[in-house]
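This report concerns only the one structure given below.
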Amino acid sequence: MGRLDGKVAVITGGARGMGATHVKTFVAEGAKVVFTDILENEGKALASELGENVKFIKQDVTKAVDWETVVTEAEETFGPINILVNNAGITMAKSITDLTEQEYRRIVDINQVSVFLGMKAVVPSMQKAGGGSIINISSINGLVGGAVGYTDTKFAVRGMTKAAALELSHYGIRVNSVHPGVIETPMVVQEDTKAAVEEFSKFIPVKRIAKPVEVSNLVLYLASDESSYSTGSEFVVDGGITAQ
């Protein structure tokens, strides 16, 4: 018996990195998974690898019409949606004086507006399913300061999570946010950042960065019925960074 047997999940930003690990973890635990990304080749390759219990859809998470397509295709393929993981996001390490308005608005659209659109789009489907779980991937920079743009949006995700949790609780829909620290993804451990990440890891209380599956295991818990009394809360997986 898998922990997600009989459940239908939608995961954004699922073609690679942490999102791909979420997809693999959910499938291994019995879920039917629709995952989306703008990275079409990577998405198709992962779907081919994982087989009949997954469906890949190319999606621009900032467009409401794309969300409508995702929900429709998920229901037609697997049935009403039980789980949404708003995982898609970007970062841009620029100072406030260097960041352009266009760049700032792009971060807001991808990291913040997409979360609103995703939650709005899946509610009717979750109502058909009799309830559900929404997991919004924020960051430790939704708890403490970091780069302008990224930090702003990750704080917003935390706030939207709490507001949506209160509004949707009477539908049996739970909404929680996950706040990862430094995770071993291709973006983080690429050659131009690897040395800096290794140096930073010395200041993490557990003395290492996290494996993606360590975040996925927390997301899995929130997606499952094991977390049935948890809603409107922050779940931190950062090796103790924010405890200092």
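In the structure tokens, the first chain shown is A, the next is B, and so on; residue numbers restart at 1 for each chain, and ligands run from 1 in the order shown.
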
For this session: With a distance cut-off of 9 Å and only C-alpha atoms, select the neighbouring residues of Val71 in chain A, excluding the residue or stretch itself and same-chain residues fewer than 3 positions from it, and output the selection as a ChimeraX atom specification.
Result: /A:10,66-68,74-76,80-81,121-122,125

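Within range 17-49 of chain A, the backbone-based DSSP assignment of helix (DSSP H, G or I) covers Gly17, Met18, Gly19, Ala20, Thr21, His22, Val23, Lys24, Thr25, Phe26, Val27, Ala28, Glu40, Asn41, Glu42, Gly43, Lys44, Ala45, Leu46, Ala47, Ser48 and Glu49 of chain A.
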
Limited to all heavy atoms, could you put the picked residues into a file as a short mmCIF file (atom, residue, chain, number, x, y, z; two decimals), in the first residue's frame?
data_model
loop_
_atom_site.label_atom_id
_atom_site.label_comp_id
_atom_site.auth_asym_id
_atom_site.auth_seq_id
_atom_site.Cartn_x
_atom_site.Cartn_y
_atom_site.Cartn_z
N GLY A 17 15.26 18.80 -11.15
CA GLY A 17 15.54 19.31 -9.81
C GLY A 17 14.60 18.77 -8.75
O GLY A 17 14.16 17.62 -8.80
N MET A 18 14.26 19.61 -7.79
CA MET A 18 13.43 19.21 -6.67
C MET A 18 12.05 18.76 -7.14
O MET A 18 11.48 17.81 -6.61
CB MET A 18 13.31 20.37 -5.68
CG MET A 18 12.80 19.99 -4.32
SD MET A 18 13.10 21.30 -3.09
CE MET A 18 12.12 22.65 -3.78
N GLY A 19 11.51 19.42 -8.15
CA GLY A 19 10.19 19.06 -8.67
C GLY A 19 10.15 17.65 -9.21
O GLY A 19 9.19 16.90 -8.98
N ALA A 20 11.19 17.26 -9.94
CA ALA A 20 11.25 15.91 -10.49
C ALA A 20 11.31 14.87 -9.37
O ALA A 20 10.72 13.78 -9.48
CB ALA A 20 12.46 15.76 -11.41
N THR A 21 11.99 15.19 -8.29
CA THR A 21 12.05 14.28 -7.15
C THR A 21 10.67 14.15 -6.50
O THR A 21 10.28 13.06 -6.08
CB THR A 21 13.09 14.76 -6.12
OG1 THR A 21 14.34 14.95 -6.77
CG2 THR A 21 13.28 13.74 -5.01
N HIS A 22 9.93 15.26 -6.42
CA HIS A 22 8.55 15.18 -5.92
C HIS A 22 7.72 14.23 -6.79
O HIS A 22 6.97 13.40 -6.27
CB HIS A 22 7.88 16.55 -5.94
CG HIS A 22 8.53 17.59 -5.07
ND1 HIS A 22 9.32 17.29 -4.00
CD2 HIS A 22 8.47 18.96 -5.15
CE1 HIS A 22 9.74 18.43 -3.43
NE2 HIS A 22 9.24 19.44 -4.11
N VAL A 23 7.84 14.37 -8.11
CA VAL A 23 7.07 13.53 -9.03
C VAL A 23 7.40 12.06 -8.80
O VAL A 23 6.50 11.21 -8.65
CB VAL A 23 7.37 13.92 -10.49
CG1 VAL A 23 6.69 12.95 -11.46
CG2 VAL A 23 6.89 15.34 -10.79
N LYS A 24 8.68 11.73 -8.77
CA LYS A 24 9.10 10.34 -8.59
C LYS A 24 8.63 9.78 -7.25
O LYS A 24 8.18 8.63 -7.15
CB LYS A 24 10.62 10.23 -8.68
CG LYS A 24 11.18 10.53 -10.06
CD LYS A 24 12.72 10.56 -10.04
CE LYS A 24 13.29 10.93 -11.40
NZ LYS A 24 14.77 11.05 -11.37
N THR A 25 8.71 10.59 -6.20
CA THR A 25 8.28 10.15 -4.87
C THR A 25 6.78 9.87 -4.84
O THR A 25 6.33 8.86 -4.29
CB THR A 25 8.64 11.22 -3.81
OG1 THR A 25 10.06 11.42 -3.82
CG2 THR A 25 8.20 10.79 -2.43
N PHE A 26 6.01 10.75 -5.44
CA PHE A 26 4.55 10.58 -5.46
C PHE A 26 4.15 9.33 -6.24
O PHE A 26 3.27 8.57 -5.81
CB PHE A 26 3.89 11.82 -6.06
CG PHE A 26 3.68 12.95 -5.10
CD1 PHE A 26 4.57 13.19 -4.05
CD2 PHE A 26 2.61 13.81 -5.25
CE1 PHE A 26 4.37 14.24 -3.17
CE2 PHE A 26 2.40 14.86 -4.37
CZ PHE A 26 3.27 15.07 -3.33
N VAL A 27 4.78 9.12 -7.39
CA VAL A 27 4.46 7.94 -8.19
C VAL A 27 4.81 6.67 -7.43
O VAL A 27 4.03 5.70 -7.41
CB VAL A 27 5.20 7.98 -9.55
CG1 VAL A 27 5.05 6.66 -10.29
CG2 VAL A 27 4.68 9.13 -10.41
N ALA A 28 5.95 6.67 -6.76
CA ALA A 28 6.37 5.51 -5.98
C ALA A 28 5.40 5.20 -4.84
O ALA A 28 5.28 4.05 -4.41
CB ALA A 28 7.77 5.73 -5.42
N GLU A 40 10.06 21.36 -22.05
CA GLU A 40 9.30 20.30 -22.70
C GLU A 40 10.11 19.02 -22.88
O GLU A 40 9.61 17.92 -22.61
CB GLU A 40 8.79 20.79 -24.05
CG GLU A 40 7.79 19.86 -24.70
CD GLU A 40 7.10 20.48 -25.90
OE1 GLU A 40 7.58 21.54 -26.38
OE2 GLU A 40 6.09 19.91 -26.34
N ASN A 41 11.34 19.12 -23.35
CA ASN A 41 12.14 17.92 -23.60
C ASN A 41 12.40 17.13 -22.33
O ASN A 41 12.24 15.90 -22.28
CB ASN A 41 13.46 18.28 -24.28
CG ASN A 41 13.28 18.77 -25.70
OD1 ASN A 41 12.27 18.49 -26.34
ND2 ASN A 41 14.26 19.52 -26.20
N GLU A 42 12.79 17.85 -21.26
CA GLU A 42 13.04 17.18 -19.98
C GLU A 42 11.76 16.56 -19.42
O GLU A 42 11.77 15.46 -18.86
CB GLU A 42 13.63 18.15 -18.97
CG GLU A 42 15.05 18.59 -19.27
CD GLU A 42 15.11 19.90 -20.05
OE1 GLU A 42 14.19 20.16 -20.86
OE2 GLU A 42 16.07 20.66 -19.84
N GLY A 43 10.64 17.28 -19.58
CA GLY A 43 9.37 16.78 -19.08
C GLY A 43 8.93 15.51 -19.79
O GLY A 43 8.50 14.54 -19.15
N LYS A 44 9.05 15.50 -21.10
CA LYS A 44 8.67 14.31 -21.87
C LYS A 44 9.55 13.12 -21.53
O LYS A 44 9.08 11.98 -21.45
CB LYS A 44 8.73 14.61 -23.36
CG LYS A 44 7.60 15.51 -23.86
CD LYS A 44 7.72 15.76 -25.36
CE LYS A 44 6.55 16.57 -25.88
NZ LYS A 44 6.68 16.86 -27.34
N ALA A 45 10.85 13.38 -21.33
CA ALA A 45 11.78 12.31 -20.99
C ALA A 45 11.43 11.68 -19.64
O ALA A 45 11.44 10.45 -19.49
CB ALA A 45 13.20 12.84 -20.98
N LEU A 46 11.10 12.53 -18.65
CA LEU A 46 10.75 12.01 -17.33
C LEU A 46 9.44 11.23 -17.39
O LEU A 46 9.32 10.16 -16.78
CB LEU A 46 10.64 13.15 -16.32
CG LEU A 46 10.30 12.75 -14.88
CD1 LEU A 46 11.35 11.81 -14.31
CD2 LEU A 46 10.15 13.99 -14.00
N ALA A 47 8.46 11.74 -18.13
CA ALA A 47 7.19 11.04 -18.26
C ALA A 47 7.38 9.67 -18.90
O ALA A 47 6.78 8.67 -18.48
CB ALA A 47 6.21 11.87 -19.08
N SER A 48 8.23 9.60 -19.91
CA SER A 48 8.53 8.33 -20.57
C SER A 48 9.19 7.35 -19.61
O SER A 48 8.89 6.14 -19.61
CB SER A 48 9.43 8.57 -21.78
OG SER A 48 9.78 7.36 -22.41
N GLU A 49 10.05 7.87 -18.76
CA GLU A 49 10.74 7.03 -17.77
C GLU A 49 9.80 6.45 -16.74
O GLU A 49 9.94 5.29 -16.32
CB GLU A 49 11.82 7.88 -17.08
CG GLU A 49 12.52 7.21 -15.91
CD GLU A 49 13.37 8.19 -15.11
OE1 GLU A 49 13.84 9.19 -15.68
OE2 GLU A 49 13.58 7.93 -13.91
#

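Considering the residues A:Ala243, A:Ala196, A:Val8, A:Val215 and counting only C-alpha atoms, Met126 in chain A has its shortest atom-to-atom contact with A:Val8.
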
Exercise. Range 162-179 of chain A: which residues within 9 Å, counting only C-alpha atoms, same-chain residues fewer than 5 positions away excluded, as a ChimeraX atom specification?
Worked result: /A:82,119,123,126-127,130-143,154,157,215,218-219,222,228-238

Requested write-out: N, CA and C atoms of the selected residues, as an mmCIF file, in the first residue's frame:
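selection-v6.cif was written with the following content:
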data_model
loop_
_atom_site.group_PDB
_atom_site.id
_atom_site.type_symbol
_atom_site.label_atom_id
_atom_site.label_comp_id
_atom_site.auth_asym_id
_atom_site.auth_seq_id
_atom_site.Cartn_x
_atom_site.Cartn_y
_atom_site.Cartn_z
ATOM 1 N N ASN A 82 -6.714 15.664 -6.137
ATOM 2 C CA ASN A 82 -6.644 15.623 -4.673
ATOM 3 C C ASN A 82 -5.512 16.466 -4.107
ATOM 4 N N MET A 119 -3.998 27.672 -7.088
ATOM 5 C CA MET A 119 -4.977 27.381 -6.043
ATOM 6 C C MET A 119 -6.392 27.631 -6.550
ATOM 7 N N VAL A 123 -9.487 24.374 -7.012
ATOM 8 C CA VAL A 123 -10.525 24.280 -5.970
ATOM 9 C C VAL A 123 -11.775 23.543 -6.457
ATOM 10 N N MET A 126 -11.019 19.850 -6.562
ATOM 11 C CA MET A 126 -10.892 19.282 -5.227
ATOM 12 C C MET A 126 -12.250 19.159 -4.536
ATOM 13 N N GLN A 127 -13.150 20.084 -4.830
ATOM 14 C CA GLN A 127 -14.502 19.970 -4.282
ATOM 15 C C GLN A 127 -15.183 18.701 -4.805
ATOM 16 N N GLY A 130 -13.999 15.785 -2.930
ATOM 17 C CA GLY A 130 -14.378 15.747 -1.519
ATOM 18 C C GLY A 130 -13.335 16.321 -0.588
ATOM 19 N N GLY A 131 -12.370 17.071 -1.151
ATOM 20 C CA GLY A 131 -11.318 17.684 -0.341
ATOM 21 C C GLY A 131 -9.971 17.514 -1.000
ATOM 22 N N GLY A 132 -8.941 18.039 -0.356
ATOM 23 C CA GLY A 132 -7.623 17.928 -0.952
ATOM 24 C C GLY A 132 -6.558 18.590 -0.110
ATOM 25 N N SER A 133 -5.343 18.567 -0.654
ATOM 26 C CA SER A 133 -4.193 19.175 0.017
ATOM 27 C C SER A 133 -3.406 19.996 -0.988
ATOM 28 N N ILE A 134 -3.188 21.259 -0.656
ATOM 29 C CA ILE A 134 -2.371 22.154 -1.471
ATOM 30 C C ILE A 134 -1.077 22.423 -0.721
ATOM 31 N N ILE A 135 0.039 22.196 -1.393
ATOM 32 C CA ILE A 135 1.348 22.437 -0.789
ATOM 33 C C ILE A 135 2.061 23.495 -1.615
ATOM 34 N N ASN A 136 2.313 24.634 -1.024
ATOM 35 C CA ASN A 136 2.983 25.740 -1.704
ATOM 36 C C ASN A 136 4.449 25.778 -1.287
ATOM 37 N N ILE A 137 5.332 25.633 -2.258
ATOM 38 C CA ILE A 137 6.761 25.632 -1.950
ATOM 39 C C ILE A 137 7.250 27.077 -1.838
ATOM 40 N N SER A 138 7.557 27.480 -0.624
ATOM 41 C CA SER A 138 8.117 28.800 -0.364
ATOM 42 C C SER A 138 9.633 28.635 -0.248
ATOM 43 N N SER A 139 10.215 29.090 0.818
ATOM 44 C CA SER A 139 11.667 29.064 1.010
ATOM 45 C C SER A 139 11.948 29.546 2.426
ATOM 46 N N ILE A 140 13.181 29.309 2.894
ATOM 47 C CA ILE A 140 13.549 29.965 4.151
ATOM 48 C C ILE A 140 13.520 31.477 3.974
ATOM 49 N N ASN A 141 13.609 31.943 2.710
ATOM 50 C CA ASN A 141 13.488 33.381 2.452
ATOM 51 C C ASN A 141 12.042 33.847 2.457
ATOM 52 N N GLY A 142 11.129 32.962 2.822
ATOM 53 C CA GLY A 142 9.781 33.367 3.193
ATOM 54 C C GLY A 142 9.659 33.551 4.689
ATOM 55 N N LEU A 143 10.787 33.357 5.397
ATOM 56 C CA LEU A 143 10.845 33.517 6.848
ATOM 57 C C LEU A 143 11.880 34.548 7.269
ATOM 58 N N LYS A 154 8.391 34.957 -1.806
ATOM 59 C CA LYS A 154 8.314 33.800 -0.929
ATOM 60 C C LYS A 154 7.594 34.133 0.380
ATOM 61 N N VAL A 157 3.925 33.986 -0.673
ATOM 62 C CA VAL A 157 3.426 32.609 -0.726
ATOM 63 C C VAL A 157 3.012 32.142 0.674
ATOM 64 N N VAL A 215 13.310 16.992 1.058
ATOM 65 C CA VAL A 215 12.174 17.907 0.918
ATOM 66 C C VAL A 215 10.949 17.130 0.442
ATOM 67 N N LEU A 218 8.895 15.451 3.091
ATOM 68 C CA LEU A 218 8.013 16.359 3.822
ATOM 69 C C LEU A 218 6.779 16.701 2.985
ATOM 70 N N VAL A 219 6.990 16.956 1.706
ATOM 71 C CA VAL A 219 5.862 17.242 0.800
ATOM 72 C C VAL A 219 4.922 16.040 0.743
ATOM 73 N N LEU A 222 2.660 15.978 3.746
ATOM 74 C CA LEU A 222 1.589 16.968 3.667
ATOM 75 C C LEU A 222 0.540 16.591 2.628
ATOM 76 N N SER A 228 -3.602 15.132 8.248
ATOM 77 C CA SER A 228 -4.999 15.580 8.142
ATOM 78 C C SER A 228 -5.370 16.731 9.068
ATOM 79 N N TYR A 229 -4.591 16.983 10.113
ATOM 80 C CA TYR A 229 -4.916 18.079 11.040
ATOM 81 C C TYR A 229 -3.990 19.277 10.859
ATOM 82 N N SER A 230 -3.226 19.272 9.783
ATOM 83 C CA SER A 230 -2.282 20.368 9.534
ATOM 84 C C SER A 230 -2.781 21.234 8.387
ATOM 85 N N THR A 231 -3.016 22.508 8.669
ATOM 86 C CA THR A 231 -3.369 23.454 7.619
ATOM 87 C C THR A 231 -2.996 24.861 8.059
ATOM 88 N N GLY A 232 -2.628 25.682 7.089
ATOM 89 C CA GLY A 232 -2.254 27.069 7.369
ATOM 90 C C GLY A 232 -0.914 27.213 8.047
ATOM 91 N N SER A 233 -0.056 26.206 7.920
ATOM 92 C CA SER A 233 1.203 26.190 8.674
ATOM 93 C C SER A 233 2.432 26.197 7.774
ATOM 94 N N GLU A 234 3.563 26.599 8.375
ATOM 95 C CA GLU A 234 4.856 26.559 7.696
ATOM 96 C C GLU A 234 5.607 25.314 8.138
ATOM 97 N N PHE A 235 6.167 24.603 7.183
ATOM 98 C CA PHE A 235 6.988 23.432 7.481
ATOM 99 C C PHE A 235 8.392 23.697 6.948
ATOM 100 N N VAL A 236 9.354 23.754 7.864
ATOM 101 C CA VAL A 236 10.709 24.176 7.518
ATOM 102 C C VAL A 236 11.612 22.955 7.386
ATOM 103 N N VAL A 237 12.400 22.912 6.318
ATOM 104 C CA VAL A 237 13.381 21.837 6.111
ATOM 105 C C VAL A 237 14.681 22.486 5.667
ATOM 106 N N ASP A 238 15.472 22.916 6.676
ATOM 107 C CA ASP A 238 16.623 23.765 6.378
ATOM 108 C C ASP A 238 17.894 23.400 7.148
#

Problem set entry | Long-range neighbours of Lys63 in chain A as a ChimeraX atom specification, 10 Å cut-off, only C-alpha atoms, 3 positions minimum in chain | /A:59-60,66-68,109-110,113-114,117-118

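Among A:Gln244, A:Thr77, A:Ser216, A:Thr12, the residue with the shortest atom-to-atom distance to Lys32 in chain A, counting only C-alpha atoms, is A:Thr77.
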
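Residues of range 37-90 of chain A assigned to strand (DSSP E or B) by DSSP on this structure's backbone: Asp37, Val54, Lys55, Phe56, Ile57, Lys58, Ile83, Leu84, Val85 and Asn86 of chain A.
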